[in-house]
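Student: This structure is in structure tokens; I'll ask about it shortly.
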Amino acid sequence: MPLNTQPNFREAGQRYFQAYSPGDDFYEALIDTHRDLSDEQSAMVNARLILLLANHIGDIGILREAMQIAREGV
Amino acid sequence: MQKTFTYPKFDFVRPPELADGKPGHYPVVVVGAGPVGLSAAIDLAQQGQDVLLLDNDDTVSIGSRGVCYAKRALEVLDRMGCGEKFVDKGVNWDVGRTFLREGEVFNFNLRPEADHHRPGMINLQQYYLEEYLVERARQLPRLQMRFKNNVISVVPGADQVTVRVETPDGPYSLTTDWLVVADGARSPIRTMMGLDIEGKIFMDRFLIADVVMKADFPAERWFWFDPPFHPNQSVLLHKQADNVWRIDFQLGWQADPVEERKPENVIPRIKAMLGDEREFELEWVSIYTFQCRRMNSFNHGRVLFVGDAAHQVSPFGARGANSGIQDTDNLAWKLKLVIDGKAPPTLLDTYTEERGYAANENIMNSTRSTDFITPKSNTSKTFRNAVLELAAKYPFARALVNSGRLSVPSWLVNSSLNTPDSEAFDGDMIPGAPMADAPVQTGSGDDWLLLHLGNRFQALHYVEDASTLDAQAARTLGELAYDGIGVEPIVIAQRGQAPAGLKTLLDSKGRLAQRYDLKPGTTYLARPDQHVAARWRALDAAKVKAAVARATGNA
């Protein structure tokens, strides 16, 4: 299975009436995670977050694809 | 400066209280003749309620101010008898485009689905809306408007509210059973009553410029992040009526509001955006900051707060006037039932319950947009820019681009007025949902469902062929009512005309059956504000009555 780049956010028990709602729920939680942190602390939180999520995904093929896209044009 | 619009001047008429010195008594007084106060007064008056509307000014909105009116507000205006004129004059748009620097990264369509009467959004200057609402108000004999009547004190009591009013001819007092407060974001009455409103101020300033020009830009909403003509900030472009264009520049907190408002500073910004050669005239300029906040309760005994007086949001989602109009949509029928003694005063508590829920949703969405548009930290800005850069190629990131989540009605799914489903249904028309529109056919031709809904409780009963509706069901439908609260029956069908003169709407394009998951026997109970109160797979008079009782606070 290739990397999924379609909208894919959802939460158990939630019913959505607008397509943007689950993505916005995620984004708000992401920004909240960084609230009141210094840039250095935020960088550490992001690194930990990537490691946790990478382990959860597990499939290194997918992770390689994501890492390659993330680097493009930076 | 303004050339495209002539402000009407409403005459001051000497109130009778000034002649006889006796305080008048009125069942309902509405304060504030903006879009929300006018809507409240019109809605009540057309339900047969005597209403007095007070306003401290003698004309309409100075400046275009709120210019985007969403589908749901248009549907409420239709119910109040002035939607058509508004839509005819306004600029219809459905598409919004978002740009990062030079390139487009994302676009959305507010109306992805066909077969709705009203578009996703109409742009029209607020002064037109108020002018049309005043025209409508003048057609209603139960509605009395008093301009240049400024409320200077409010004394709430257990049985009535005493209001002191200042006029050019001197002050007078009146009493009222119910005071509906629509006096805007700074709400002097809220302050007089010492009531709190809580939330947060956003440390940013924005410049609004209304520009008159002949431009061939399409009628779309264009939003730029970090454009070359206004680096590191955002810009929004909107079309209004009369070739007026609204341009909204983010300036940052450090900007000097007095300097930035000067034409010699505004014009170069616009020239940089449009290119030097295009001719334009500056019509109106304003600098604003904003807050996202709400009152804890919108009900304070006999005083009811609506619109910006009760809650405020950032302007990015057009959720200000739109949500205020929906406040009155929610409040008016409840207040009328309470005044008529058909519902207990506790029904009014559900106004705060339901519209407070909506206010939270509006504040949440507009705060999220604000945080995306004006990130508050380096990390937040890095994430925002990463989303915008990925958005050009990857659909998931497009869905995260948030340049404003435009006003949509709330699904009041947790409302205590709903009767929960006891049978299975597909789709979104669950109890508490704002009812979806659909094309219908009547004896006199093609029409729209929502033009037949509202202002009373209604039971929509579905059969395939209306002419085969059995006598028992026809009798049951004809006799639906709860303790003096009538329920108008409507038969929905694919073909035929129901017996006994029952109103019949044909599902001419099959959209009704689809949107409401209709099967023969399916019955919906609609509230006077076009929200679903309850639904069943079969018609049962006792269940309908119980649901009406529940939806009116009588159960």
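In the structure tokens, chains take letters A, B, ... by order of appearance, with residues numbered from 1 within each chain and ligands from 1 in the order shown.
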Could you tell me, as an mmCIF file with N, CA, C and O atoms, in the first residue's frame, which residues of region 14-52 of chain A DSSP assigns to helix (DSSP H, G or I) when given the backbone?
Tutor:
```cif
data_model
loop_
_atom_site.group_PDB
_atom_site.id
_atom_site.type_symbol
_atom_site.label_atom_id
_atom_site.label_comp_id
_atom_site.auth_asym_id
_atom_site.auth_seq_id
_atom_site.Cartn_x
_atom_site.Cartn_y
_atom_site.Cartn_z
ATOM 1 N N SER A 21 -13.833 19.389 9.178
ATOM 2 C CA SER A 21 -13.802 19.301 10.645
ATOM 3 C C SER A 21 -12.745 18.343 11.205
ATOM 4 O O SER A 21 -12.008 18.735 12.114
ATOM 5 N N PRO A 22 -12.640 17.094 10.716
ATOM 6 C CA PRO A 22 -11.638 16.218 11.343
ATOM 7 C C PRO A 22 -10.213 16.731 11.167
ATOM 8 O O PRO A 22 -9.407 16.663 12.106
ATOM 9 N N GLY A 23 -9.880 17.256 9.999
ATOM 10 C CA GLY A 23 -8.543 17.806 9.775
ATOM 11 C C GLY A 23 -8.271 18.989 10.697
ATOM 12 O O GLY A 23 -7.182 19.126 11.259
ATOM 13 N N ASP A 24 -9.293 19.840 10.871
ATOM 14 C CA ASP A 24 -9.118 20.996 11.750
ATOM 15 C C ASP A 24 -8.978 20.562 13.209
ATOM 16 O O ASP A 24 -8.250 21.194 13.982
ATOM 17 N N ASP A 25 -9.685 19.494 13.586
ATOM 18 C CA ASP A 25 -9.536 18.961 14.952
ATOM 19 C C ASP A 25 -8.084 18.547 15.190
ATOM 20 O O ASP A 25 -7.483 18.849 16.220
ATOM 21 N N PHE A 26 -7.541 17.822 14.197
ATOM 22 C CA PHE A 26 -6.148 17.385 14.316
ATOM 23 C C PHE A 26 -5.199 18.580 14.393
ATOM 24 O O PHE A 26 -4.321 18.651 15.258
ATOM 25 N N TYR A 27 -5.394 19.518 13.474
ATOM 26 C CA TYR A 27 -4.452 20.640 13.392
ATOM 27 C C TYR A 27 -4.447 21.456 14.682
ATOM 28 O O TYR A 27 -3.390 21.871 15.167
ATOM 29 N N GLU A 28 -5.631 21.655 15.239
ATOM 30 C CA GLU A 28 -5.712 22.394 16.501
ATOM 31 C C GLU A 28 -4.961 21.650 17.612
ATOM 32 O O GLU A 28 -4.216 22.252 18.394
ATOM 33 N N ALA A 29 -5.147 20.316 17.656
ATOM 34 C CA ALA A 29 -4.457 19.526 18.679
ATOM 35 C C ALA A 29 -2.935 19.626 18.491
ATOM 36 O O ALA A 29 -2.177 19.719 19.464
ATOM 37 N N LEU A 30 -2.514 19.623 17.227
ATOM 38 C CA LEU A 30 -1.078 19.725 16.927
ATOM 39 C C LEU A 30 -0.509 21.054 17.425
ATOM 40 O O LEU A 30 0.531 21.091 18.102
ATOM 41 N N ILE A 31 -1.198 22.139 17.087
ATOM 42 C CA ILE A 31 -0.706 23.467 17.494
ATOM 43 C C ILE A 31 -0.768 23.592 19.025
ATOM 44 O O ILE A 31 0.134 24.148 19.662
ATOM 45 N N ASP A 32 -1.823 23.060 19.618
ATOM 46 C CA ASP A 32 -1.946 23.098 21.089
ATOM 47 C C ASP A 32 -0.800 22.349 21.768
ATOM 48 O O ASP A 32 -0.362 22.725 22.855
ATOM 49 N N THR A 33 -0.348 21.269 21.132
ATOM 50 C CA THR A 33 0.753 20.487 21.703
ATOM 51 C C THR A 33 2.001 21.349 21.888
ATOM 52 O O THR A 33 2.807 21.103 22.776
ATOM 53 N N ASP A 39 11.250 27.490 20.795
ATOM 54 C CA ASP A 39 11.504 26.863 19.492
ATOM 55 C C ASP A 39 12.271 25.554 19.672
ATOM 56 O O ASP A 39 11.993 24.556 18.988
ATOM 57 N N GLU A 40 13.223 25.566 20.597
ATOM 58 C CA GLU A 40 14.047 24.377 20.825
ATOM 59 C C GLU A 40 13.197 23.235 21.393
ATOM 60 O O GLU A 40 13.295 22.083 20.949
ATOM 61 N N GLN A 41 12.356 23.583 22.352
ATOM 62 C CA GLN A 41 11.465 22.560 22.923
ATOM 63 C C GLN A 41 10.519 22.000 21.862
ATOM 64 O O GLN A 41 10.278 20.803 21.799
ATOM 65 N N SER A 42 10.013 22.904 21.019
ATOM 66 C CA SER A 42 9.107 22.466 19.953
ATOM 67 C C SER A 42 9.799 21.505 18.991
ATOM 68 O O SER A 42 9.211 20.524 18.550
ATOM 69 N N ALA A 43 11.061 21.809 18.661
ATOM 70 C CA ALA A 43 11.799 20.933 17.754
ATOM 71 C C ALA A 43 11.934 19.544 18.384
ATOM 72 O O ALA A 43 11.797 18.514 17.698
ATOM 73 N N MET A 44 12.169 19.490 19.680
ATOM 74 C CA MET A 44 12.280 18.207 20.372
ATOM 75 C C MET A 44 10.935 17.465 20.360
ATOM 76 O O MET A 44 10.878 16.264 20.106
ATOM 77 N N VAL A 45 9.850 18.201 20.625
ATOM 78 C CA VAL A 45 8.518 17.584 20.594
ATOM 79 C C VAL A 45 8.245 17.015 19.199
ATOM 80 O O VAL A 45 7.754 15.892 19.040
ATOM 81 N N ASN A 46 8.573 17.792 18.154
ATOM 82 C CA ASN A 46 8.346 17.312 16.790
ATOM 83 C C ASN A 46 9.148 16.049 16.506
ATOM 84 O O ASN A 46 8.639 15.107 15.890
ATOM 85 N N ALA A 47 10.404 16.007 16.942
ATOM 86 C CA ALA A 47 11.233 14.829 16.707
ATOM 87 C C ALA A 47 10.629 13.606 17.396
ATOM 88 O O ALA A 47 10.504 12.530 16.799
ATOM 89 N N ARG A 48 10.210 13.774 18.631
ATOM 90 C CA ARG A 48 9.595 12.650 19.350
ATOM 91 C C ARG A 48 8.315 12.191 18.656
ATOM 92 O O ARG A 48 8.048 10.997 18.542
ATOM 93 N N LEU A 49 7.551 13.187 18.222
ATOM 94 C CA LEU A 49 6.276 12.882 17.558
ATOM 95 C C LEU A 49 6.514 12.051 16.297
ATOM 96 O O LEU A 49 5.826 11.058 16.038
ATOM 97 N N ILE A 50 7.512 12.439 15.513
ATOM 98 C CA ILE A 50 7.812 11.703 14.283
ATOM 99 C C ILE A 50 8.225 10.264 14.608
ATOM 100 O O ILE A 50 7.790 9.315 13.960
ATOM 101 N N LEU A 51 9.036 10.110 15.629
ATOM 102 C CA LEU A 51 9.490 8.759 15.998
ATOM 103 C C LEU A 51 8.319 7.893 16.447
ATOM 104 O O LEU A 51 8.200 6.725 16.049
ATOM 105 N N LEU A 52 7.448 8.461 17.256
ATOM 106 C CA LEU A 52 6.286 7.704 17.724
ATOM 107 C C LEU A 52 5.398 7.280 16.562
ATOM 108 O O LEU A 52 4.961 6.127 16.467
#
```
Student: Mind the document's chain letters and residue numbers, and return as a PyMOL selection string the residues of region 171-410 of chain B that DSSP labels strand (DSSP E or B).
Tutor: chain B and resi 171-181+198-212+221-225+234-239+244-250+281-294+299-300+303-305+311-312
Student: Near chain B, which residues of chain A fall within 6 Å when you count only C-alpha atoms, and what do they look like as a list in words?
Tutor: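 Selected residues: Thr5, Gln6, Pro7 and Gly23 of chain A.
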Student: Do you know which residues are at most 9 Å from region 164-175 of chain B counting only C-alpha atoms, after dropping those on the same chain fewer than 6 positions away, and could you put them as a tab-separated table (two decimals) with C-alpha atoms, in the first residue's frame?
Tutor:
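Saved as out.tsv:
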```tsv
chain	number	residue	atom	x	y	z
B	12	PHE	CA	-37.63	60.87	14.12
B	14	ARG	CA	-42.11	62.05	18.59
B	15	PRO	CA	-43.02	59.05	20.80
B	17	GLU	CA	-44.80	58.96	25.91
B	18	LEU	CA	-43.35	62.45	25.46
B	21	GLY	CA	-45.62	61.74	30.19
B	22	LYS	CA	-46.85	58.24	31.00
B	23	PRO	CA	-44.52	55.29	30.42
B	24	GLY	CA	-45.89	53.07	27.66
B	25	HIS	CA	-46.00	49.31	28.07
B	26	TYR	CA	-44.98	46.95	25.28
B	27	PRO	CA	-44.96	43.15	25.18
B	29	VAL	CA	-38.99	45.71	22.75
B	54	LEU	CA	-35.59	51.17	19.07
B	56	ASN	CA	-30.16	55.28	18.34
B	147	PHE	CA	-35.22	55.97	15.21
B	148	LYS	CA	-33.09	58.41	17.22
B	149	ASN	CA	-34.30	56.59	20.33
B	150	ASN	CA	-31.26	55.81	22.44
B	151	VAL	CA	-31.59	53.48	25.44
B	152	ILE	CA	-29.80	55.03	28.42
B	153	SER	CA	-30.87	52.76	31.23
B	154	VAL	CA	-32.32	49.30	31.72
B	155	VAL	CA	-33.79	48.11	35.01
```
Student: Write out as a ChimeraX atom specification which residues come within 12 Å of Gly320 (chain B) when counting only C-alpha atoms, dropping same-chain ones fewer than 2 positions away.
Tutor: /B:34-36,65-70,73,126,184-185,290-294,306-318,322-327,358-359,362-363,366,406-408
Student: Could you give me, as a list in words, the residues within 12 Å of Gly81 (chain B), counting only C-alpha atoms and dropping anything in the same chain fewer than 5 positions from it?
Tutor: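 Counting only C-alpha atoms, the residues come to Ser39, Ile42, Asp43, Gln46, Leu74, Glu75, Val76, Phe86, Val87, Tyr132, Leu133, Val134, Glu135, Arg136, Ala137, Gln139, Leu140, Leu451, Gly454 and Asn455 of chain B.
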Student: Need to verify the contact set: region 59-74 of chain A, 7 Å, only C-alpha atoms, exclusion of same-chain residues closer than 5 positions in sequence. Can you return it as an mmCIF file with N, CA, C and O atoms, in the first residue's frame?
Tutor:
```
data_model
loop_
_atom_site.group_PDB
_atom_site.id
_atom_site.type_symbol
_atom_site.label_atom_id
_atom_site.label_comp_id
_atom_site.auth_asym_id
_atom_site.auth_seq_id
_atom_site.Cartn_x
_atom_site.Cartn_y
_atom_site.Cartn_z
ATOM 1 N N PRO A 2 0.652 2.138 -1.001
ATOM 2 C CA PRO A 2 1.479 3.360 -1.038
ATOM 3 C C PRO A 2 1.064 4.330 0.064
ATOM 4 O O PRO A 2 0.048 4.140 0.720
ATOM 5 N N LEU A 3 1.874 5.383 0.227
ATOM 6 C CA LEU A 3 1.573 6.436 1.201
ATOM 7 C C LEU A 3 0.225 7.074 0.874
ATOM 8 O O LEU A 3 -0.019 7.480 -0.256
ATOM 9 N N ALA A 54 6.217 7.106 13.381
ATOM 10 C CA ALA A 54 6.931 6.216 12.465
ATOM 11 C C ALA A 54 6.842 4.777 12.959
ATOM 12 O O ALA A 54 6.579 3.849 12.176
#
```
Student: Applying 8 Å and only C-alpha atoms, which residues near region 106-111 of chain B remain after dropping the ones on its own chain fewer than 2 positions away? List them as an MDAnalysis selection string.
Tutor: chainID B and resid 94:99 104 113:114 119:121 391:392 398 401
Student: Which distance in Å separates CA of Pro489 (chain B) and CA of Asp340 (chain B), to one decimal?
Tutor: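 Going from CA of Pro489 (chain B) over to CA of Asp340 (chain B), I get 22.1 Å.
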